[in-house]
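Text of start05.txt, listed as compact mmCIF, C-alpha atoms and all ligand atoms:
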# COMPACT_ATOMS: atom_id res chain seq x y z
CA MET O 165 -12.01 30.47 15.05
CA LYS O 166 -12.20 26.70 14.86
CA ILE O 167 -9.64 25.33 17.27
CA ARG O 168 -11.39 22.00 17.26
CA SER O 169 -10.74 21.55 13.54
CA ASP O 170 -7.10 22.49 13.93
CA PHE O 171 -6.84 19.99 16.70
CA VAL O 172 -8.24 17.34 14.41
CA THR O 173 -5.82 17.98 11.59
CA ASN O 174 -2.85 18.17 13.98
CA SER O 175 -3.59 14.94 15.68
CA SER O 176 -2.52 11.81 13.92
CA SER O 177 -4.93 9.16 15.03
CA SER O 178 -7.05 6.54 13.47
CA SER O 179 -10.35 5.07 14.54
CA PHE O 180 -12.66 2.39 13.25
CA VAL O 181 -16.23 1.91 14.41
CA ILE O 182 -17.56 -1.61 13.88
CA GLY O 183 -21.21 -2.63 14.22
CA LYS O 184 -24.35 -0.54 14.03
CA LYS O 185 -26.15 0.57 17.21
CA ASP O 186 -28.51 -2.42 17.41
CA ASP O 187 -26.13 -5.08 16.14
CA GLU O 188 -25.76 -7.47 19.05
CA THR O 189 -23.44 -9.82 17.17
CA VAL O 190 -20.64 -7.28 17.41
CA THR O 191 -18.96 -7.18 20.82
CA LEU O 192 -15.70 -6.00 22.31
CA GLU O 193 -14.46 -9.58 22.21
CA SER O 194 -15.62 -10.31 18.67
CA VAL O 195 -13.84 -7.18 17.45
CA PHE O 196 -10.69 -8.18 19.34
CA GLN O 197 -10.77 -11.58 17.58
CA THR O 198 -11.34 -9.83 14.22
CA ILE O 199 -8.34 -7.55 14.58
CA LYS O 200 -6.16 -10.40 15.85
CA GLY O 201 -7.15 -12.33 12.71
CA PHE O 202 -6.07 -9.44 10.49
CA TYR O 203 -2.73 -9.20 12.29
CA LYS O 204 -2.17 -12.94 11.90
CA GLU O 205 -2.86 -12.73 8.16
CA TYR O 206 -0.42 -9.84 7.96
CA LEU O 207 2.34 -11.74 9.74
CA GLU O 208 1.74 -14.83 7.62
CA LYS O 209 2.26 -12.64 4.56
CA ARG O 210 5.46 -11.29 6.07
CA ASP O 211 6.68 -14.83 6.74
CA ALA O 212 5.88 -15.80 3.15
CA VAL O 213 7.99 -12.89 1.89
CA VAL O 214 10.86 -13.87 4.22
CA GLN O 215 10.69 -17.38 2.79
CA TYR O 216 10.57 -16.03 -0.76
CA ILE O 217 13.65 -13.80 -0.41
CA THR O 218 15.52 -16.63 1.33
CA ASP O 219 14.70 -19.01 -1.53
CA ASN O 220 15.67 -16.38 -4.09
CA PRO O 221 19.01 -14.87 -3.04
CA LYS O 222 19.32 -13.17 -6.44
CA LEU O 223 16.78 -10.62 -5.24
CA GLY O 224 19.48 -9.28 -2.94
CA MET O 225 17.12 -8.85 0.00
CA VAL O 226 17.37 -9.66 3.68
CA TYR O 227 15.04 -9.41 6.64
CA GLN O 228 16.93 -8.04 9.62
CA GLU O 229 16.99 -5.79 12.67
CA THR O 230 16.87 -2.07 12.12
CA GLU O 231 19.97 -0.09 13.11
CA ASP O 232 18.40 1.14 16.35
CA GLY O 233 17.56 -2.47 17.21
CA GLU O 234 13.89 -1.64 17.76
CA TYR O 235 12.32 -3.35 14.77
CA TYR O 236 12.81 -5.77 11.93
CA CYS O 237 12.55 -4.74 8.31
CA PHE O 238 13.31 -5.83 4.78
CA LYS O 239 16.52 -4.50 3.34
CA PHE O 240 18.17 -4.46 -0.06
CA LEU O 241 21.82 -5.49 0.08
CA ASN O 242 22.75 -3.40 -2.95
CA GLY O 243 21.61 0.09 -3.82
CA LYS O 244 18.71 2.12 -2.51
CA ARG O 245 15.13 0.99 -2.14
CA TRP O 246 14.01 3.35 -4.85
CA ASP O 247 16.61 2.22 -7.42
CA GLU O 248 14.89 0.81 -10.49
CA LYS O 249 15.69 -2.85 -9.88
CA ASN O 250 14.82 -2.76 -6.17
CA SER O 251 11.71 -0.77 -6.72
CA SER O 252 10.41 -3.25 -9.28
CA THR O 253 11.20 -6.11 -6.88
CA ASN O 254 9.20 -4.27 -4.24
CA LYS O 255 6.26 -3.78 -6.60
CA ALA O 256 6.25 -7.46 -7.55
CA ILE O 257 6.26 -8.50 -3.88
CA GLU O 258 3.46 -6.08 -3.11
CA ARG O 259 1.41 -7.52 -5.95
CA ASP O 260 2.08 -11.19 -5.16
CA PHE O 261 2.06 -11.11 -1.36
CA GLY O 262 -0.15 -8.14 -0.51
CA ILE O 263 2.26 -6.34 1.80
CA SER O 264 4.88 -3.67 1.31
CA THR O 265 8.57 -4.25 1.94
CA TRP O 266 8.70 -0.76 3.46
CA ASP O 267 6.93 -1.88 6.62
CA TYR O 268 8.66 -2.05 9.97
CA PHE O 269 7.83 -5.04 12.15
CA LYS O 270 7.82 -5.18 15.92
CA LYS O 271 10.29 -7.54 17.52
CA ASN O 272 7.49 -9.47 19.09
CA TYR O 273 3.77 -9.77 18.70
CA ASN O 274 3.26 -11.64 21.96
CA TRP O 275 0.00 -9.80 22.59
CA LEU O 276 -1.54 -11.92 19.82
CA GLU O 277 -1.49 -14.78 22.32
CA CYS O 278 -3.91 -12.89 24.59
CA GLU O 279 -7.18 -14.81 24.53
CA THR O 280 -9.46 -11.91 25.47
CA TYR O 281 -9.38 -8.14 25.32
CA ARG O 282 -9.14 -8.07 29.12
CA ASP O 283 -5.95 -10.16 28.87
CA TYR O 284 -4.66 -7.76 26.22
CA GLU O 285 -5.43 -4.74 28.38
CA ASN O 286 -3.69 -6.28 31.38
CA TYR O 287 -0.75 -7.31 29.22
CA TRP O 288 -0.15 -3.72 28.08
CA LEU O 289 -0.85 -2.04 31.42
CA ASN O 290 1.74 -4.38 32.86
CA GLN O 291 4.27 -3.67 30.08
CA MET O 292 3.81 0.06 30.55
CA ASP O 293 4.10 -0.09 34.34
CA ASN O 294 7.36 -1.98 34.09
CA ALA O 295 8.93 0.14 31.36
CA ASN O 296 11.64 2.68 32.08
CA ASP O 297 10.82 4.87 29.14
CA TYR O 298 7.84 6.14 27.21
CA LYS O 299 8.40 4.06 24.09
CA ILE O 300 6.04 1.30 25.16
CA HIS O 301 2.60 1.60 23.67
CA ALA O 302 -0.16 -0.77 22.77
CA PRO O 303 -1.04 -0.87 19.07
CA PHE O 304 -4.66 0.05 19.81
CA THR O 305 -7.40 0.49 22.38
CA ILE O 306 -10.87 -0.98 21.90
CA ALA O 307 -13.83 0.89 23.37
CA ASP O 308 -17.26 -0.57 23.86
CA PHE O 309 -19.71 2.23 23.10
CA PHE O 310 -22.71 0.33 24.39
CA GLU O 311 -22.97 2.29 27.61
CA GLU O 312 -21.44 5.28 29.30
CA LYS O 313 -18.15 4.47 31.01
CA GLU O 314 -14.52 5.40 31.30
CA ILE O 315 -12.02 3.17 29.59
CA ASN O 316 -8.25 2.78 29.83
CA TRP O 317 -6.43 4.49 27.03
CA LEU O 318 -3.53 2.15 26.31
CA HIS O 319 -1.27 4.35 24.27
CA TYR O 320 1.00 5.80 26.85
CA LYS O 321 3.10 4.63 29.75
CA GLY O 322 1.03 4.11 32.83
CA GLY O 323 -2.20 3.78 30.94
CA LYS O 324 -3.64 6.28 33.36
CA GLU O 325 -5.43 8.23 30.71
CA VAL O 326 -9.12 7.51 30.34
CA HIS O 327 -11.54 7.98 27.53
CA HIS O 328 -15.10 9.06 28.30
CA VAL O 329 -17.70 7.11 26.42
CA ASN O 330 -20.46 9.72 26.24
CA SER O 331 -21.02 13.10 24.57
CA LYS O 332 -17.54 14.17 25.73
CA SER O 333 -15.76 11.47 23.77
CA ASP O 334 -12.88 12.82 21.69
CA ILE O 335 -13.67 10.26 19.03
CA LEU O 336 -17.27 11.44 18.79
CA GLY O 337 -15.91 14.97 18.36
CA TRP O 338 -13.83 13.98 15.33
CA TYR O 339 -16.83 12.69 13.42
CA PHE O 340 -19.41 15.12 14.82
CA GLU O 341 -17.79 18.45 15.41
CA TYR O 342 -19.38 20.51 18.23
CA ALA O 343 -21.32 17.50 19.49
CA GLU O 344 -19.99 18.05 23.02
CA GLU O 345 -20.95 21.74 23.02
CA ALA O 346 -24.30 21.00 21.44
CA PHE O 347 -25.22 18.50 24.16
CA ALA O 348 -23.95 20.76 26.93
CA ASN O 349 -25.97 23.77 25.78
CA MET O 350 -28.82 22.40 23.78
CA GLU O 351 -30.96 25.50 24.24
CA SER O 352 -28.58 28.25 23.28
CA CYS O 353 -25.02 29.02 22.31
CA GLU O 354 -25.16 31.92 24.77
CA LYS O 355 -24.20 29.42 27.44
CA CYS O 356 -21.53 27.60 25.47
CA ASP O 357 -18.64 27.12 27.90
CA TYR O 358 -16.49 26.40 24.95
CA ALA O 359 -16.73 29.95 23.66
CA SER O 360 -13.38 29.74 21.94
CA TRP O 361 -14.31 26.49 20.19
CA CYS O 362 -17.89 27.32 19.42
CA ASP O 363 -18.41 28.28 15.84
CA ARG O 364 -21.96 29.43 16.37
CA GLU O 365 -23.43 28.50 13.04
CA GLU O 366 -22.02 24.99 13.04
CA CYS O 367 -22.81 24.54 16.72
CA GLU O 368 -26.45 25.49 16.00
CA GLN O 369 -26.58 23.09 13.06
CA GLN O 370 -25.32 20.30 15.28
CA LYS O 371 -28.04 21.06 17.87
CA THR O 372 -30.77 20.97 15.25
CA PHE O 373 -29.41 17.69 13.93
CA LEU O 374 -29.21 16.12 17.41
CA LYS O 375 -32.68 17.27 18.44
CA GLY O 376 -34.08 15.63 15.32
CA LYS O 377 -32.32 12.37 16.11
CA ASP O 378 -33.36 12.18 19.74
CA VAL O 379 -29.97 10.95 20.94
CA PRO O 380 -29.49 10.34 24.68
CA GLU O 381 -26.41 12.23 25.88
CA ASP O 382 -24.90 9.26 27.72
CA LYS O 383 -25.28 7.04 24.65
CA ALA O 384 -24.14 9.59 22.09
CA CYS O 385 -21.26 7.40 20.88
CA LEU O 386 -23.51 4.38 20.39
CA TYR O 387 -26.33 6.25 18.66
CA LEU O 388 -24.21 8.44 16.43
CA LEU O 389 -21.30 6.14 15.63
CA GLY O 390 -22.02 2.54 16.50
CA ARG O 391 -21.15 -0.31 18.74
CA ILE O 392 -17.40 -0.89 19.11
CA CYS O 393 -14.51 1.45 18.38
CA ILE O 394 -10.86 0.63 17.73
CA HIS O 395 -8.66 3.63 18.31
CA SER O 396 -4.99 3.99 17.59
CA GLU O 397 -2.30 6.52 17.03
CA CYS O 398 -1.57 6.82 13.35
CA GLY O 399 1.07 4.41 12.22
CA TYR O 400 0.73 2.01 15.14
CA ILE O 401 -1.54 -0.22 13.10
CA PRO O 402 0.08 -1.49 9.88
CA ASP O 403 -1.45 -0.34 6.59
CA TYR O 404 -2.53 -3.87 5.75
CA VAL O 405 -4.61 -4.10 8.95
CA VAL O 406 -5.91 -0.53 8.49
CA GLU O 407 -7.27 -1.49 5.08
CA LYS O 408 -8.90 -4.64 6.40
CA LEU O 409 -10.48 -2.76 9.32
CA SER O 410 -11.76 0.00 7.05
CA GLY O 411 -13.48 -2.67 5.01
CA VAL O 412 -15.55 -3.88 7.98
CA SER O 413 -16.19 -0.48 9.63
CA GLU O 414 -19.28 1.72 9.74
CA TYR O 415 -17.02 4.70 10.28
CA SER O 416 -13.30 4.94 9.90
CA CYS O 417 -10.74 7.66 9.68
CA ASN O 418 -7.04 7.69 9.43
CA HIS O 419 -5.74 11.21 10.13
CA MET O 420 -2.36 11.78 8.64
CA GLY O 421 -1.07 14.46 10.97
ZN ZN O 501 -22.30 26.82 20.69

Just dump the structure as structure tokens.
Ligand SMILES: [Zn+2]
Amino acid sequence: MKIRSDFVTNSSSSSFVIGKKDDETVTLESVFQTIKGFYKEYLEKRDAVVQYITDNPKLGMVYQETEDGEYYCFKFLNGKRWDEKNSSTNKAIERDFGISTWDYFKKNYNWLECETYRDYENYWLNQMDNANDYKIHAPFTIADFFEEKEINWLHYKGGKEVHHVNSKSDILGWYFEYAEEAFANMESCEKCDYASWCDREECEQQKTFLKGKDVPEDKACLYLLGRICIHSECGYIPDYVVEKLSGVSEYSCNHMG
């Protein structure tokens, strides 16, 4: 039984690892600036489309609040999105501007004004602490894999959840199944605490692989994946930014749960 695999396919998360283990030019802050740059490009493209539909009223499109008042989106005044005329308008916009008119946009992107990742983290912890509901979430968390630590997971109200940057990292487990078990019981599966998760053959393969690589347990994320990791729940990061991040990542995955 492979509960771990089921867990992976049920979760809808994305992660992007940027920078190889010894690449000192890649830091938490440089990655934060990179992702901010991608978001700014994305919003510039959105603004260009807003300008375009305003200048061309014949397209029959508007940019307005969604019915629940939570987002902004592009809307066709006549007919459905998938009607022939609207759908060809959408395709032309996608081709000329590089974004889809299906996207939903947040009401504000104030976090883009945060100068550093620390500012960003404080901004979201503050937002979550002051919120009355659980809808508030940061678009992503960035983890520095350079050394073992616990980091704030910014996706839920309170931000009290932590992520362990070592062999117990959930993210490590997605890319290297059974890595946690393998480190915990390097000598034998007989001692695997995770009996229900341990698929003995694969667990043994992982141990053999890790022994050959000589990976320190506390730096497992750094050695096996790389330097800096952006993690997000699926759908929190717009497709445009996902594509850009994938292009600069050593490892990336976008689970569609
Ligand atoms: Zn095992």

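Atom CA of Ala302 of chain O sits 8.2 Å away from atom CA of Tyr400 of chain O.
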
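Take atom CA of Ser396 of chain O and atom CA of Phe304 of chain O: the distance between them is 4.5 Å.
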
Could the residues that lie within 10 Å of ligand ZN 501 (chain O), counting only C-alpha atoms and all ligand atoms, be listed as a ChimeraX atom specification?
-> /O:342-371

So that I can see what lies close to Tyr236 of chain O, please list as a PDB file with C-alpha atoms, in the frame of the given file the residues with an atom at most 6 Å from it, counting only C-alpha atoms and leaving out residues fewer than 5 positions away in the same chain.
ATOM      1  CA  GLN O 228      16.930  -8.040   9.620  1.00  0.00           C
ATOM      2  CA  GLU O 229      16.990  -5.790  12.670  1.00  0.00           C
ATOM      3  CA  THR O 230      16.870  -2.070  12.120  1.00  0.00           C
ATOM      4  CA  TYR O 268       8.660  -2.050   9.970  1.00  0.00           C
ATOM      5  CA  PHE O 269       7.830  -5.040  12.150  1.00  0.00           C
TER       6      PHE O 269
END

Which residue, O:Asp219, O:Lys244, O:Leu289, O:Ile394, has the smallest gap to Val412 of chain O when you use only C-alpha atoms?
->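 Nearest to Val412 of chain O: O:Ile394.
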
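Considering the residues O:Glu188, O:Ser252, O:Cys237, O:Phe261 and counting all atoms listed in the file, Tyr216 of chain O has its shortest atom-to-atom contact with O:Phe261.
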
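Across the structure, atom CA of Ile300 of chain O and atom CA of Lys204 of chain O are spaced 21.1 Å apart.
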
Could you give me, as a PyMOL selection string, the residues that sit within 12 Å of (-18.5, -9.2, 24.3) in the file's coordinates, counting all atoms listed in the file?
-> chain O and resi 187-197+280-282+306-310+391-392

Residues around (11.7, -5.9, -1.8), cut-off 6 Å, counting all atoms listed in the file - what are they as a PyMOL selection string?
-> chain O and resi 253-254+265

Using only C-alpha atoms, which residues sit within 10 Å of Tyr284 of chain O once same-chain residues fewer than 5 positions away are excluded, as a ChimeraX atom specification?
-> /O:196,274-279,289-290,302,305,318

Would you mind exporting C-alpha atoms of the selected residues as a compact mmCIF listing (two decimals), in the frame of the given file?
# COMPACT_ATOMS: atom_id res chain seq x y z
CA PHE O 196 -10.69 -8.18 19.34
CA ASN O 274 3.26 -11.64 21.96
CA TRP O 275 0.00 -9.80 22.59
CA LEU O 276 -1.54 -11.92 19.82
CA GLU O 277 -1.49 -14.78 22.32
CA CYS O 278 -3.91 -12.89 24.59
CA GLU O 279 -7.18 -14.81 24.53
CA LEU O 289 -0.85 -2.04 31.42
CA ASN O 290 1.74 -4.38 32.86
CA ALA O 302 -0.16 -0.77 22.77
CA THR O 305 -7.40 0.49 22.38
CA LEU O 318 -3.53 2.15 26.31

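Take the candidates O:Asn272, O:Pro303, O:Tyr227, O:Phe240 and check each one against Val405 of chain O using only C-alpha atoms; the shortest distance goes to O:Pro303.
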
Excluding Cys385 of chain O and residues on its chain fewer than 2 positions from it, collect all residues at most 9 Å away from it, counting all atoms listed in the file, and give them as number ranges by chain.
-> O: 309-312, 329-331, 333, 335-336, 381-383, 387-391

Keeping C-alpha atoms for every residue in the selection just given, could you write it to a file as a PDB file, in the frame of the given file?
ATOM      1  CA  PHE O 309     -19.710   2.230  23.100  1.00  0.00           C
ATOM      2  CA  PHE O 310     -22.710   0.330  24.390  1.00  0.00           C
ATOM      3  CA  GLU O 311     -22.970   2.290  27.610  1.00  0.00           C
ATOM      4  CA  GLU O 312     -21.440   5.280  29.300  1.00  0.00           C
ATOM      5  CA  VAL O 329     -17.700   7.110  26.420  1.00  0.00           C
ATOM      6  CA  ASN O 330     -20.460   9.720  26.240  1.00  0.00           C
ATOM      7  CA  SER O 331     -21.020  13.100  24.570  1.00  0.00           C
ATOM      8  CA  SER O 333     -15.760  11.470  23.770  1.00  0.00           C
ATOM      9  CA  ILE O 335     -13.670  10.260  19.030  1.00  0.00           C
ATOM     10  CA  LEU O 336     -17.270  11.440  18.790  1.00  0.00           C
ATOM     11  CA  GLU O 381     -26.410  12.230  25.880  1.00  0.00           C
ATOM     12  CA  ASP O 382     -24.900   9.260  27.720  1.00  0.00           C
ATOM     13  CA  LYS O 383     -25.280   7.040  24.650  1.00  0.00           C
ATOM     14  CA  TYR O 387     -26.330   6.250  18.660  1.00  0.00           C
ATOM     15  CA  LEU O 388     -24.210   8.440  16.430  1.00  0.00           C
ATOM     16  CA  LEU O 389     -21.300   6.140  15.630  1.00  0.00           C
ATOM     17  CA  GLY O 390     -22.020   2.540  16.500  1.00  0.00           C
ATOM     18  CA  ARG O 391     -21.150  -0.310  18.740  1.00  0.00           C
TER      19      ARG O 391
END

Measuring atom to atom with only C-alpha atoms, identify which of O:Trp338, O:Trp317, O:Tyr298, O:Tyr404 is nearest to Ser179 of chain O.
-> O:Trp338

Between O:Ile257, O:Val226, O:Ile199, O:Val379, which is the closest to Phe180 of chain O once you count all atoms listed in the file?
->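 Once distances to Phe180 of chain O are computed over all atoms listed in the file, the minimum belongs to O:Ile199.
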
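Nearest residue to Gly201 of chain O among O:Cys398, O:Leu409, O:Ile315, O:Cys417 is O:Leu409, counting only C-alpha atoms.
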
Export of segment 287-304 of chain O: N, CA, C and O atoms, as a compact mmCIF listing (two decimals), in the first residue's frame:
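Output file selection.txt follows:
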# COMPACT_ATOMS: atom_id res chain seq x y z
N TYR O 287 4.01 40.91 6.21
CA TYR O 287 2.77 41.42 5.61
C TYR O 287 1.67 40.36 5.70
O TYR O 287 0.56 40.63 6.15
N TRP O 288 1.99 39.13 5.30
CA TRP O 288 0.96 38.09 5.27
C TRP O 288 0.61 37.57 6.65
O TRP O 288 -0.55 37.26 6.93
N LEU O 289 1.58 37.44 7.53
CA LEU O 289 1.28 36.99 8.90
C LEU O 289 0.32 37.99 9.55
O LEU O 289 -0.64 37.60 10.22
N ASN O 290 0.57 39.26 9.28
CA ASN O 290 -0.29 40.31 9.78
C ASN O 290 -1.70 40.23 9.20
O ASN O 290 -2.69 40.30 9.92
N GLN O 291 -1.79 40.07 7.88
CA GLN O 291 -3.09 39.93 7.21
C GLN O 291 -3.88 38.77 7.80
O GLN O 291 -5.07 38.87 8.03
N MET O 292 -3.17 37.65 8.01
CA MET O 292 -3.86 36.45 8.48
C MET O 292 -4.30 36.60 9.93
O MET O 292 -5.37 36.15 10.31
N ASP O 293 -3.47 37.25 10.73
CA ASP O 293 -3.82 37.46 12.14
C ASP O 293 -5.04 38.35 12.28
O ASP O 293 -5.84 38.18 13.20
N ASN O 294 -5.19 39.29 11.36
CA ASN O 294 -6.29 40.25 11.48
C ASN O 294 -7.55 39.83 10.73
O ASN O 294 -8.54 40.53 10.74
N ALA O 295 -7.50 38.68 10.06
CA ALA O 295 -8.65 38.26 9.26
C ALA O 295 -9.67 37.53 10.13
O ALA O 295 -9.31 36.87 11.10
N ASN O 296 -10.93 37.67 9.75
CA ASN O 296 -11.98 36.98 10.50
C ASN O 296 -12.31 35.62 9.90
O ASN O 296 -13.05 34.85 10.46
N ASP O 297 -11.81 35.37 8.73
CA ASP O 297 -12.14 34.09 8.10
C ASP O 297 -10.85 33.43 7.60
O ASP O 297 -9.75 33.93 7.82
N TYR O 298 -11.03 32.31 6.95
CA TYR O 298 -9.88 31.53 6.51
C TYR O 298 -9.55 31.74 5.03
O TYR O 298 -8.80 31.00 4.45
N LYS O 299 -10.15 32.78 4.45
CA LYS O 299 -9.93 32.99 3.02
C LYS O 299 -8.57 33.59 2.71
O LYS O 299 -8.07 33.47 1.60
N ILE O 300 -8.01 34.28 3.70
CA ILE O 300 -6.73 34.96 3.47
C ILE O 300 -5.61 33.94 3.33
O ILE O 300 -5.43 33.08 4.18
N HIS O 301 -4.89 34.03 2.24
CA HIS O 301 -3.69 33.21 2.10
C HIS O 301 -2.67 33.94 1.24
O HIS O 301 -3.04 34.70 0.35
N ALA O 302 -1.43 33.71 1.55
CA ALA O 302 -0.37 34.29 0.72
C ALA O 302 -0.29 33.47 -0.57
O ALA O 302 -0.61 32.29 -0.57
N PRO O 303 0.14 34.09 -1.66
CA PRO O 303 0.24 33.32 -2.91
C PRO O 303 1.31 32.23 -2.86
O PRO O 303 1.19 31.23 -3.55
N PHE O 304 2.33 32.42 -2.02
CA PHE O 304 3.40 31.41 -1.97
C PHE O 304 4.24 31.60 -0.72
O PHE O 304 4.19 32.66 -0.07
